[in-house]
Amino acid sequence: MTERVLVAYASKNGSTAGIATMIAEALREQGLAAEARAVGEVESVGPYDAVVLGGALYAGRWRREAVRFAWHHEADLAERPVWLFSSGPLDATAREGLIPPVPGVQRLVDRLKARGHVTFGGCLQDGSKGRIARMIVKSGRGGDFRDPEQIRLWARGVARELVKEVATP
């Protein structure tokens with residue numbers, strides 16, 4: 001199998017980057033050539049057969065870099081399968097059920113004809129950047145709410161769809 005998958009992400013404190021890394025690892029375990037890269041490091045999506053794009057949520061919005069990446073590469077993204085993910089809730093809600101995309105991300109789902117979107121729990125810990133993030137951690141509401149098994153299961157579903165397409169002429 002030669003399916004190349006880009007897992008692009010915009011992360012402020014590393015939580016979304018960690019999720020992207022877990023997704024890429026799970027895709028590789030399924031036989032796909034996947035790599036996780038920050039959106040600022042990606043000049044073109046041309047070399048990839050599929051793209052997973054993720055952004056950290058802050059105040060109900062994706063990181064600006066993720067949105068810019070989607071708009072900048074819109075034409076190329078339209079030519080390949082795309083999935084989106086968000087990270088952010090600092091509680092167990094992402095593990096307990098499906099969280100619909102925030103309005104701005106839903107517009108991207110629709111515009112890019114994304115095959116799916118999921119919201120994963122986020123992570124804010126000591127050393128987080130930003131005054132508000134530090135206040136959240138200091139107040140005791142921080143922590144790591146990412147669920148590695150949930151992330152792997154979702155990524156395996158993405159891999160199954162891609163493998164099925166390759167197998168079907």
# chains A, B, ... in the order shown; residues from 1 in each chain; ligands from 1
call {"tool": "closest_atom_pairs", "arguments": {"of": "segment 47-70 of chain A", "to": "segment 1-10 of chain A", "cutoff": "8 Å", "atoms": "only C-alpha atoms", "output": "JSON lines"}}
result
{"residue": "A:Pro47", "atom": "CA", "partner": "A:Arg4", "partner_atom": "CA", "distance": 7.5}
{"residue": "A:Tyr48", "atom": "CA", "partner": "A:Arg4", "partner_atom": "CA", "distance": 5.0}
{"residue": "A:Asp49", "atom": "CA", "partner": "A:Arg4", "partner_atom": "CA", "distance": 5.2}
{"residue": "A:Ala50", "atom": "CA", "partner": "A:Val5", "partner_atom": "CA", "distance": 4.9}
{"residue": "A:Val51", "atom": "CA", "partner": "A:Leu6", "partner_atom": "CA", "distance": 4.8}
{"residue": "A:Val52", "atom": "CA", "partner": "A:Val7", "partner_atom": "CA", "distance": 4.6}
{"residue": "A:Leu53", "atom": "CA", "partner": "A:Ala8", "partner_atom": "CA", "distance": 4.8}
{"residue": "A:Gly54", "atom": "CA", "partner": "A:Tyr9", "partner_atom": "CA", "distance": 4.6}
{"residue": "A:Gly55", "atom": "CA", "partner": "A:Ala10", "partner_atom": "CA", "distance": 4.9}
{"residue": "A:Ala56", "atom": "CA", "partner": "A:Ala10", "partner_atom": "CA", "distance": 6.4}
{"residue": "A:Arg63", "atom": "CA", "partner": "A:Ala10", "partner_atom": "CA", "distance": 6.2}
{"residue": "A:Glu65", "atom": "CA", "partner": "A:Ala10", "partner_atom": "CA", "distance": 6.1}
{"residue": "A:Ala66", "atom": "CA", "partner": "A:Ala10", "partner_atom": "CA", "distance": 5.3}
call {"tool": "select_by_dssp", "arguments": {"residues": "chain A", "states": "helix (DSSP H, G or I)", "output": "number ranges by chain"}}
result
A: 15-29, 39-41, 64-72, 74-77, 93-96, 103-112, 131-138, 148-167
call {"tool": "atom_distance", "arguments": {"atom1": "atom CA of Ile99 of chain A", "atom2": "atom CA of Phe120 of chain A"}}
result
8.7 Å
call {"tool": "residues_around", "arguments": {"residues": "Leu77 of chain A", "least_positions_apart": "3", "cutoff": "9 Å", "atoms": "only C-alpha atoms", "output": "number ranges by chain"}}
result
A: 45-46, 50-51, 70, 73-74, 80-82, 112
call {"tool": "residues_around", "arguments": {"residues": "segment 100-106 of chain A", "least_positions_apart": "6", "cutoff": "12 Å", "atoms": "only C-alpha atoms", "output": "PyMOL selection string"}}
result
chain A and resi 53-64+66-68+70-71+83-89+93-94+112-120
call {"tool": "atom_distance", "arguments": {"atom1": "atom CA of Leu90 of chain A", "atom2": "atom CA of Gln30 of chain A"}}
result
29.5 Å
call {"tool": "atom_distance", "arguments": {"atom1": "atom CA of Arg156 of chain A", "atom2": "atom CA of Ser15 of chain A"}}
result
20.0 Å
call {"tool": "residues_around", "arguments": {"residues": "Ile23 of chain A", "least_positions_apart": "2", "cutoff": "8 Å", "atoms": "only C-alpha atoms", "output": "list in words"}}
result
Val7, Ile19, Ala20, Thr21, Glu25, Ala26, Leu27, Ile151, Arg152 and Ala155 of chain A
call {"tool": "select_by_dssp", "arguments": {"residues": "segment 10-165 of chain A", "states": "strand (DSSP E)", "output": "PyMOL selection string"}}
result
chain A and resi 10+33-38+50-58+61-62+82-87+116-120+123-124+143-144
call {"tool": "decode", "arguments": {"residues": "segment 15-27 of chain A", "atoms": "all heavy atoms", "output": "PDB file, in the first residue's frame"}}
result
ATOM      1  N   SER A  15      -0.955  19.857  22.885  1.00  0.00           N
ATOM      2  CA  SER A  15      -1.980  18.825  23.004  1.00  0.00           C
ATOM      3  C   SER A  15      -2.438  18.327  21.634  1.00  0.00           C
ATOM      4  O   SER A  15      -2.499  17.121  21.382  1.00  0.00           O
ATOM      5  CB  SER A  15      -3.182  19.364  23.791  1.00  0.00           C
ATOM      6  OG  SER A  15      -4.221  18.420  23.841  1.00  0.00           O
ATOM      7  N   THR A  16      -2.734  19.247  20.745  1.00  0.00           N
ATOM      8  CA  THR A  16      -3.195  18.876  19.407  1.00  0.00           C
ATOM      9  C   THR A  16      -2.071  18.208  18.626  1.00  0.00           C
ATOM     10  O   THR A  16      -2.314  17.257  17.874  1.00  0.00           O
ATOM     11  CB  THR A  16      -3.743  20.111  18.665  1.00  0.00           C
ATOM     12  OG1 THR A  16      -4.710  20.742  19.502  1.00  0.00           O
ATOM     13  CG2 THR A  16      -4.394  19.728  17.354  1.00  0.00           C
ATOM     14  N   ALA A  17      -0.861  18.657  18.810  1.00  0.00           N
ATOM     15  CA  ALA A  17       0.287  18.007  18.173  1.00  0.00           C
ATOM     16  C   ALA A  17       0.397  16.561  18.647  1.00  0.00           C
ATOM     17  O   ALA A  17       0.663  15.653  17.851  1.00  0.00           O
ATOM     18  CB  ALA A  17       1.576  18.761  18.491  1.00  0.00           C
ATOM     19  N   GLY A  18       0.187  16.332  19.932  1.00  0.00           N
ATOM     20  CA  GLY A  18       0.222  14.970  20.464  1.00  0.00           C
ATOM     21  C   GLY A  18      -0.858  14.097  19.879  1.00  0.00           C
ATOM     22  O   GLY A  18      -0.630  12.923  19.563  1.00  0.00           O
ATOM     23  N   ILE A  19      -2.046  14.651  19.708  1.00  0.00           N
ATOM     24  CA  ILE A  19      -3.146  13.898  19.092  1.00  0.00           C
ATOM     25  C   ILE A  19      -2.793  13.566  17.646  1.00  0.00           C
ATOM     26  O   ILE A  19      -2.992  12.432  17.192  1.00  0.00           O
ATOM     27  CB  ILE A  19      -4.463  14.698  19.178  1.00  0.00           C
ATOM     28  CG1 ILE A  19      -4.929  14.774  20.639  1.00  0.00           C
ATOM     29  CG2 ILE A  19      -5.544  14.066  18.291  1.00  0.00           C
ATOM     30  CD1 ILE A  19      -6.070  15.744  20.876  1.00  0.00           C
ATOM     31  N   ALA A  20      -2.258  14.534  16.917  1.00  0.00           N
ATOM     32  CA  ALA A  20      -1.868  14.298  15.521  1.00  0.00           C
ATOM     33  C   ALA A  20      -0.832  13.188  15.431  1.00  0.00           C
ATOM     34  O   ALA A  20      -0.904  12.328  14.540  1.00  0.00           O
ATOM     35  CB  ALA A  20      -1.333  15.587  14.894  1.00  0.00           C
ATOM     36  N   THR A  21       0.102  13.174  16.349  1.00  0.00           N
ATOM     37  CA  THR A  21       1.121  12.120  16.375  1.00  0.00           C
ATOM     38  C   THR A  21       0.483  10.756  16.622  1.00  0.00           C
ATOM     39  O   THR A  21       0.833   9.767  15.965  1.00  0.00           O
ATOM     40  CB  THR A  21       2.183  12.435  17.452  1.00  0.00           C
ATOM     41  OG1 THR A  21       2.820  13.671  17.107  1.00  0.00           O
ATOM     42  CG2 THR A  21       3.226  11.340  17.545  1.00  0.00           C
ATOM     43  N   MET A  22      -0.469  10.695  17.552  1.00  0.00           N
ATOM     44  CA  MET A  22      -1.172   9.428  17.819  1.00  0.00           C
ATOM     45  C   MET A  22      -1.943   8.958  16.585  1.00  0.00           C
ATOM     46  O   MET A  22      -1.965   7.760  16.281  1.00  0.00           O
ATOM     47  CB  MET A  22      -2.122   9.577  19.007  1.00  0.00           C
ATOM     48  CG  MET A  22      -1.440   9.662  20.346  1.00  0.00           C
ATOM     49  SD  MET A  22      -2.670   9.702  21.683  1.00  0.00           S
ATOM     50  CE  MET A  22      -2.302  11.294  22.400  1.00  0.00           C
ATOM     51  N   ILE A  23      -2.586   9.892  15.885  1.00  0.00           N
ATOM     52  CA  ILE A  23      -3.334   9.541  14.673  1.00  0.00           C
ATOM     53  C   ILE A  23      -2.375   8.993  13.622  1.00  0.00           C
ATOM     54  O   ILE A  23      -2.647   7.947  13.014  1.00  0.00           O
ATOM     55  CB  ILE A  23      -4.119  10.764  14.137  1.00  0.00           C
ATOM     56  CG1 ILE A  23      -5.265  11.120  15.097  1.00  0.00           C
ATOM     57  CG2 ILE A  23      -4.650  10.496  12.727  1.00  0.00           C
ATOM     58  CD1 ILE A  23      -5.948  12.446  14.787  1.00  0.00           C
ATOM     59  N   ALA A  24      -1.275   9.678  13.385  1.00  0.00           N
ATOM     60  CA  ALA A  24      -0.307   9.223  12.379  1.00  0.00           C
ATOM     61  C   ALA A  24       0.230   7.836  12.739  1.00  0.00           C
ATOM     62  O   ALA A  24       0.359   6.969  11.864  1.00  0.00           O
ATOM     63  CB  ALA A  24       0.830  10.229  12.241  1.00  0.00           C
ATOM     64  N   GLU A  25       0.529   7.603  14.009  1.00  0.00           N
ATOM     65  CA  GLU A  25       1.021   6.286  14.438  1.00  0.00           C
ATOM     66  C   GLU A  25      -0.008   5.209  14.167  1.00  0.00           C
ATOM     67  O   GLU A  25       0.311   4.117  13.666  1.00  0.00           O
ATOM     68  CB  GLU A  25       1.387   6.309  15.920  1.00  0.00           C
ATOM     69  CG  GLU A  25       2.641   7.078  16.228  1.00  0.00           C
ATOM     70  CD  GLU A  25       2.877   7.280  17.726  1.00  0.00           C
ATOM     71  OE1 GLU A  25       2.055   6.809  18.565  1.00  0.00           O
ATOM     72  OE2 GLU A  25       3.883   7.916  18.069  1.00  0.00           O
ATOM     73  N   ALA A  26      -1.276   5.482  14.490  1.00  0.00           N
ATOM     74  CA  ALA A  26      -2.339   4.502  14.267  1.00  0.00           C
ATOM     75  C   ALA A  26      -2.523   4.222  12.777  1.00  0.00           C
ATOM     76  O   ALA A  26      -2.767   3.079  12.382  1.00  0.00           O
ATOM     77  CB  ALA A  26      -3.652   4.990  14.891  1.00  0.00           C
ATOM     78  N   LEU A  27      -2.408   5.245  11.946  1.00  0.00           N
ATOM     79  CA  LEU A  27      -2.521   5.053  10.492  1.00  0.00           C
ATOM     80  C   LEU A  27      -1.364   4.201   9.976  1.00  0.00           C
ATOM     81  O   LEU A  27      -1.561   3.315   9.128  1.00  0.00           O
ATOM     82  CB  LEU A  27      -2.567   6.400   9.777  1.00  0.00           C
ATOM     83  CG  LEU A  27      -3.807   7.261  10.036  1.00  0.00           C
ATOM     84  CD1 LEU A  27      -3.641   8.648   9.431  1.00  0.00           C
ATOM     85  CD2 LEU A  27      -5.071   6.590   9.518  1.00  0.00           C
TER      86      LEU A  27
END
